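Structure, as structure tokens:
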Amino acid sequence: MGIFNMFKKKKKEQISTTDNGILGPTFLDNFTKPIENPKNLYSHEWRRKLKSTSGETKFRIKYYGTRHETYTNLIVGTSFVPSLVFAEAIQTKQKILLFDGCKHGYNALFCYTYTEDQINNRPVTHYYRDKDGIEIFEIIISTYNGIDYEDEFREDVDENDFIEKIDGTKIEFETVKRNGYDTLQIWAINNYGKIIDVVSEELA
């Protein structure tokens, strides 16, 4: 699918908010709000604006990873392990997990395994800055849920509604449907209204 052609999927008719019935990642419950009058919202897309539990909408972005060699605005993983990205609220310093490449997305659940050393040795020490040196942003998150888990995996679900991941552990099937998205986009909006692609991951 790739970074530049992921938007070629069929669009849904224009609606008033992004609250289109699609459920987002479980770890972002209570940390987002719908966006009014969204443009080009897809029928299988979940898109929201980040907010802290106190209602803050301005954040710094902290991450483990590196910047893409060509598309230097993008956070990507290293040769050692995938990226780990948090938002940090400006006033309260509350940290909100945005993406863990070892745990989130279809590939992390059913295709790739990582050692404890890889998972645990990802120091989140970098602050994200855009090319103008700005590091405070509003954040928009979008996941694409194009995988029909009911069709592909229902026979693998046990009597307790759990399914086995690639690493041998089990997870609730409903959680898989929400955290096993195939594509992730995170945009940062600086104080000039400029929108920056921060994370763009094809995960299936």
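Just remember, in the structure tokens the first chain shown is A, the second B, etc., residues are 1-based per chain, and ligands are 1-based in the order shown.
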(request) Determine, counting only C-alpha atoms, which protein, DNA and RNA residues have an atom within 9 Å of an atom of Pro123 of chain A; residues of the same chain fewer than 6 positions away are not included. Present the result as a ChimeraX atom specification. (result) /A:63-65,84
Could you take the residues named above and write them with C-alpha atoms, as a PDB file, in the first residue's frame?
```
ATOM      1  CA  TYR A  63       9.730   8.999  20.900  1.00  0.00           C
ATOM      2  CA  TYR A  64      12.168   6.168  20.555  1.00  0.00           C
ATOM      3  CA  GLY A  65      13.258   5.814  16.949  1.00  0.00           C
ATOM      4  CA  LEU A  84       7.640   3.914  20.355  1.00  0.00           C
TER       5      LEU A  84
END
```
Identify, on the basis of only C-alpha atoms, every residue whose closest approach to segment 136-152 of chain A does not exceed 8 Å; exclude the query and any residue fewer than 3 positions from it along the same chain; express the result as a PDB file with C-alpha atoms, in the first residue's frame.
```pdb
ATOM      1  CA  GLY A  24     -10.252   3.107  17.571  1.00  0.00           C
ATOM      2  CA  HIS A  44     -13.154   2.044   7.425  1.00  0.00           C
ATOM      3  CA  GLU A  45     -11.166   4.910   8.987  1.00  0.00           C
ATOM      4  CA  TRP A  46     -11.098   5.977  12.639  1.00  0.00           C
ATOM      5  CA  ARG A  47      -9.878   9.578  12.995  1.00  0.00           C
ATOM      6  CA  ARG A  48      -9.733  11.707  16.139  1.00  0.00           C
ATOM      7  CA  LYS A  49      -8.047  14.681  17.799  1.00  0.00           C
ATOM      8  CA  LEU A  50      -5.933  13.908  20.860  1.00  0.00           C
ATOM      9  CA  THR A  57      -5.038  19.616  23.293  1.00  0.00           C
ATOM     10  CA  LYS A  58      -1.446  20.867  23.120  1.00  0.00           C
ATOM     11  CA  PHE A  59       1.369  18.339  23.361  1.00  0.00           C
ATOM     12  CA  ARG A  60       5.013  17.604  22.899  1.00  0.00           C
ATOM     13  CA  ILE A  61       5.836  14.361  21.106  1.00  0.00           C
ATOM     14  CA  ILE A  90       2.062  20.730  28.118  1.00  0.00           C
ATOM     15  CA  GLU A 155     -12.425 -20.019  13.580  1.00  0.00           C
ATOM     16  CA  LYS A 177     -10.083  -5.861  15.996  1.00  0.00           C
ATOM     17  CA  ARG A 178      -9.289  -2.431  17.455  1.00  0.00           C
ATOM     18  CA  GLY A 180      -4.725  -4.722  14.783  1.00  0.00           C
ATOM     19  CA  TYR A 181      -5.223  -1.914  12.255  1.00  0.00           C
ATOM     20  CA  ASP A 182      -3.451  -2.095   8.899  1.00  0.00           C
ATOM     21  CA  THR A 183      -2.359   1.548   8.606  1.00  0.00           C
ATOM     22  CA  LEU A 184      -1.593   4.359  11.046  1.00  0.00           C
ATOM     23  CA  GLN A 185      -1.277   8.088  10.418  1.00  0.00           C
ATOM     24  CA  ILE A 186      -0.360  10.722  13.009  1.00  0.00           C
ATOM     25  CA  TRP A 187      -0.361  14.396  12.090  1.00  0.00           C
ATOM     26  CA  ALA A 188       0.954  17.297  14.164  1.00  0.00           C
ATOM     27  CA  ILE A 189      -0.475  20.794  13.743  1.00  0.00           C
ATOM     28  CA  ASN A 190       1.830  23.607  14.809  1.00  0.00           C
ATOM     29  CA  ASN A 191       0.810  27.054  16.062  1.00  0.00           C
TER      30      ASN A 191
END
```
(message) From the options A:Phe31, A:Val199, A:Gly77, A:Pro25, which residue's atoms come nearest to His104 of chain A, counting only C-alpha atoms?
(response) A:Pro25
(message) Can you tell me which residues surround Asp161 of chain A at a distance of at most 7 Å, considering only C-alpha atoms, apart from same-chain residues fewer than 2 positions away, and format the answer as number ranges by chain?
(response) A: 157-159, 163, 172-173
(message) Using only C-alpha atoms, can you tell me which of A:Phe27, A:Tyr42, A:Tyr114, A:Tyr106 comes closest to Ile15 of chain A?
(response) A:Tyr42
(message) Report as a ChimeraX atom specification all protein, DNA and RNA residues lying within 10 Å of Arg122 of chain A, evaluated on only C-alpha atoms, omitting residues in the same chain fewer than 2 positions from it.
(response) /A:63-65,78,80-84,117-120,124-125
(request) Rounded to one decimal place, report the atom CA of Leu203 of chain A-atom CA of Glu56 of chain A distance in Å. (result) 29.1 Å
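What separates atom CA of Ser43 of chain A from atom CA of Asn20 of chain A is a distance of 7.8 Å.
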(request) From a DSSP pass on the backbone, collect the residues of segment 6-198 of chain A flagged as strand (DSSP E) and hand them back as an MDAnalysis selection string. (result) chainID A and resid 32:33 45:50 59:64 66:67 75:76 84:89 95:100 126:127 138:144 162:164 170:172 183:189 195:198
(request) State, in Å with one decimal place, the distance from atom CA of Lys39 of chain A to atom CA of Asp19 of chain A. (result) 12.9 Å
(request) Identify which of the residues A:Thr18, A:Asn179, A:Asn37, A:Thr72 lies closest to Gly101 of chain A, counting only C-alpha atoms when measuring atom-to-atom distances. (result) A:Asn179
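Shortest atom-to-atom contact with Asp167 of chain A among A:Tyr192, A:Tyr112, A:Tyr127, A:Phe153: A:Tyr112, counting only C-alpha atoms.
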(message) If we count only C-alpha atoms and set the cut-off at 6 Å, which residues sit around segment 107-109 of chain A, ignoring sequence neighbours fewer than 4 positions away in its own chain? Please answer as a VMD selection string.
(response) chain A and resid 102 to 103 165 203 to 204
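Distance annotation: of A:Phe162, A:Phe99, A:Phe110, A:Phe86, the residue with the minimal separation from Tyr128 of chain A is A:Phe86; atom set is only C-alpha atoms.
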Helix (DSSP H, G or I) residues, from DSSP on the backbone, in segment 123-186 of chain A, as an mmCIF file with N, CA, C and O atoms, in the first residue's frame:
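And here's result-v3.cif as it stands now:
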```
data_model
loop_
_atom_site.group_PDB
_atom_site.id
_atom_site.type_symbol
_atom_site.label_atom_id
_atom_site.label_comp_id
_atom_site.auth_asym_id
_atom_site.auth_seq_id
_atom_site.Cartn_x
_atom_site.Cartn_y
_atom_site.Cartn_z
ATOM 1 N N TYR A 149 -11.508 -9.226 10.327
ATOM 2 C CA TYR A 149 -11.077 -10.213 11.312
ATOM 3 C C TYR A 149 -12.112 -11.309 11.514
ATOM 4 O O TYR A 149 -11.756 -12.473 11.750
ATOM 5 N N GLU A 150 -13.381 -10.969 11.445
ATOM 6 C CA GLU A 150 -14.415 -11.995 11.602
ATOM 7 C C GLU A 150 -14.288 -13.052 10.515
ATOM 8 O O GLU A 150 -14.394 -14.249 10.776
ATOM 9 N N ASP A 151 -14.050 -12.623 9.303
ATOM 10 C CA ASP A 151 -13.950 -13.550 8.180
ATOM 11 C C ASP A 151 -12.662 -14.369 8.236
ATOM 12 O O ASP A 151 -12.669 -15.579 7.972
ATOM 13 N N GLU A 152 -11.550 -13.736 8.606
ATOM 14 C CA GLU A 152 -10.255 -14.398 8.542
ATOM 15 C C GLU A 152 -9.888 -15.193 9.788
ATOM 16 O O GLU A 152 -9.140 -16.179 9.708
ATOM 17 N N PHE A 153 -10.387 -14.775 10.959
ATOM 18 C CA PHE A 153 -9.880 -15.349 12.200
ATOM 19 C C PHE A 153 -10.939 -15.939 13.127
ATOM 20 O O PHE A 153 -10.582 -16.489 14.163
ATOM 21 N N ARG A 154 -12.215 -15.830 12.816
ATOM 22 C CA ARG A 154 -13.243 -16.283 13.748
ATOM 23 C C ARG A 154 -13.046 -17.747 14.157
ATOM 24 O O ARG A 154 -13.259 -18.124 15.319
ATOM 25 N N GLU A 155 -12.615 -18.602 13.254
ATOM 26 C CA GLU A 155 -12.425 -20.019 13.580
ATOM 27 C C GLU A 155 -11.275 -20.249 14.557
ATOM 28 O O GLU A 155 -11.195 -21.315 15.178
ATOM 29 N N ASP A 156 -10.389 -19.251 14.711
ATOM 30 C CA ASP A 156 -9.249 -19.391 15.613
ATOM 31 C C ASP A 156 -9.538 -18.850 17.012
ATOM 32 O O ASP A 156 -8.676 -18.916 17.888
ATOM 33 N N PHE A 173 -10.349 -11.097 21.388
ATOM 34 C CA PHE A 173 -10.576 -10.905 19.969
ATOM 35 C C PHE A 173 -11.061 -9.489 19.664
ATOM 36 O O PHE A 173 -10.673 -8.893 18.653
ATOM 37 N N GLU A 174 -11.886 -8.918 20.533
ATOM 38 C CA GLU A 174 -12.360 -7.557 20.310
ATOM 39 C C GLU A 174 -11.215 -6.551 20.370
ATOM 40 O O GLU A 174 -11.215 -5.541 19.668
ATOM 41 N N THR A 175 -10.217 -6.813 21.218
ATOM 42 C CA THR A 175 -9.039 -5.949 21.282
ATOM 43 C C THR A 175 -8.225 -6.050 20.002
ATOM 44 O O THR A 175 -7.712 -5.047 19.488
ATOM 45 N N VAL A 176 -8.120 -7.253 19.460
ATOM 46 C CA VAL A 176 -7.419 -7.445 18.185
ATOM 47 C C VAL A 176 -8.063 -6.614 17.087
ATOM 48 O O VAL A 176 -7.383 -5.960 16.291
ATOM 49 N N LYS A 177 -9.385 -6.610 17.038
ATOM 50 C CA LYS A 177 -10.083 -5.861 15.996
ATOM 51 C C LYS A 177 -9.759 -4.369 16.071
ATOM 52 O O LYS A 177 -9.712 -3.676 15.049
ATOM 53 N N ARG A 178 -9.520 -3.861 17.265
ATOM 54 C CA ARG A 178 -9.289 -2.431 17.455
ATOM 55 C C ARG A 178 -7.808 -2.054 17.359
ATOM 56 O O ARG A 178 -7.472 -0.971 16.876
ATOM 57 N N ASN A 179 -6.931 -2.922 17.824
ATOM 58 C CA ASN A 179 -5.488 -2.603 17.843
ATOM 59 C C ASN A 179 -4.726 -3.225 16.680
ATOM 60 O O ASN A 179 -3.545 -2.924 16.492
#
```
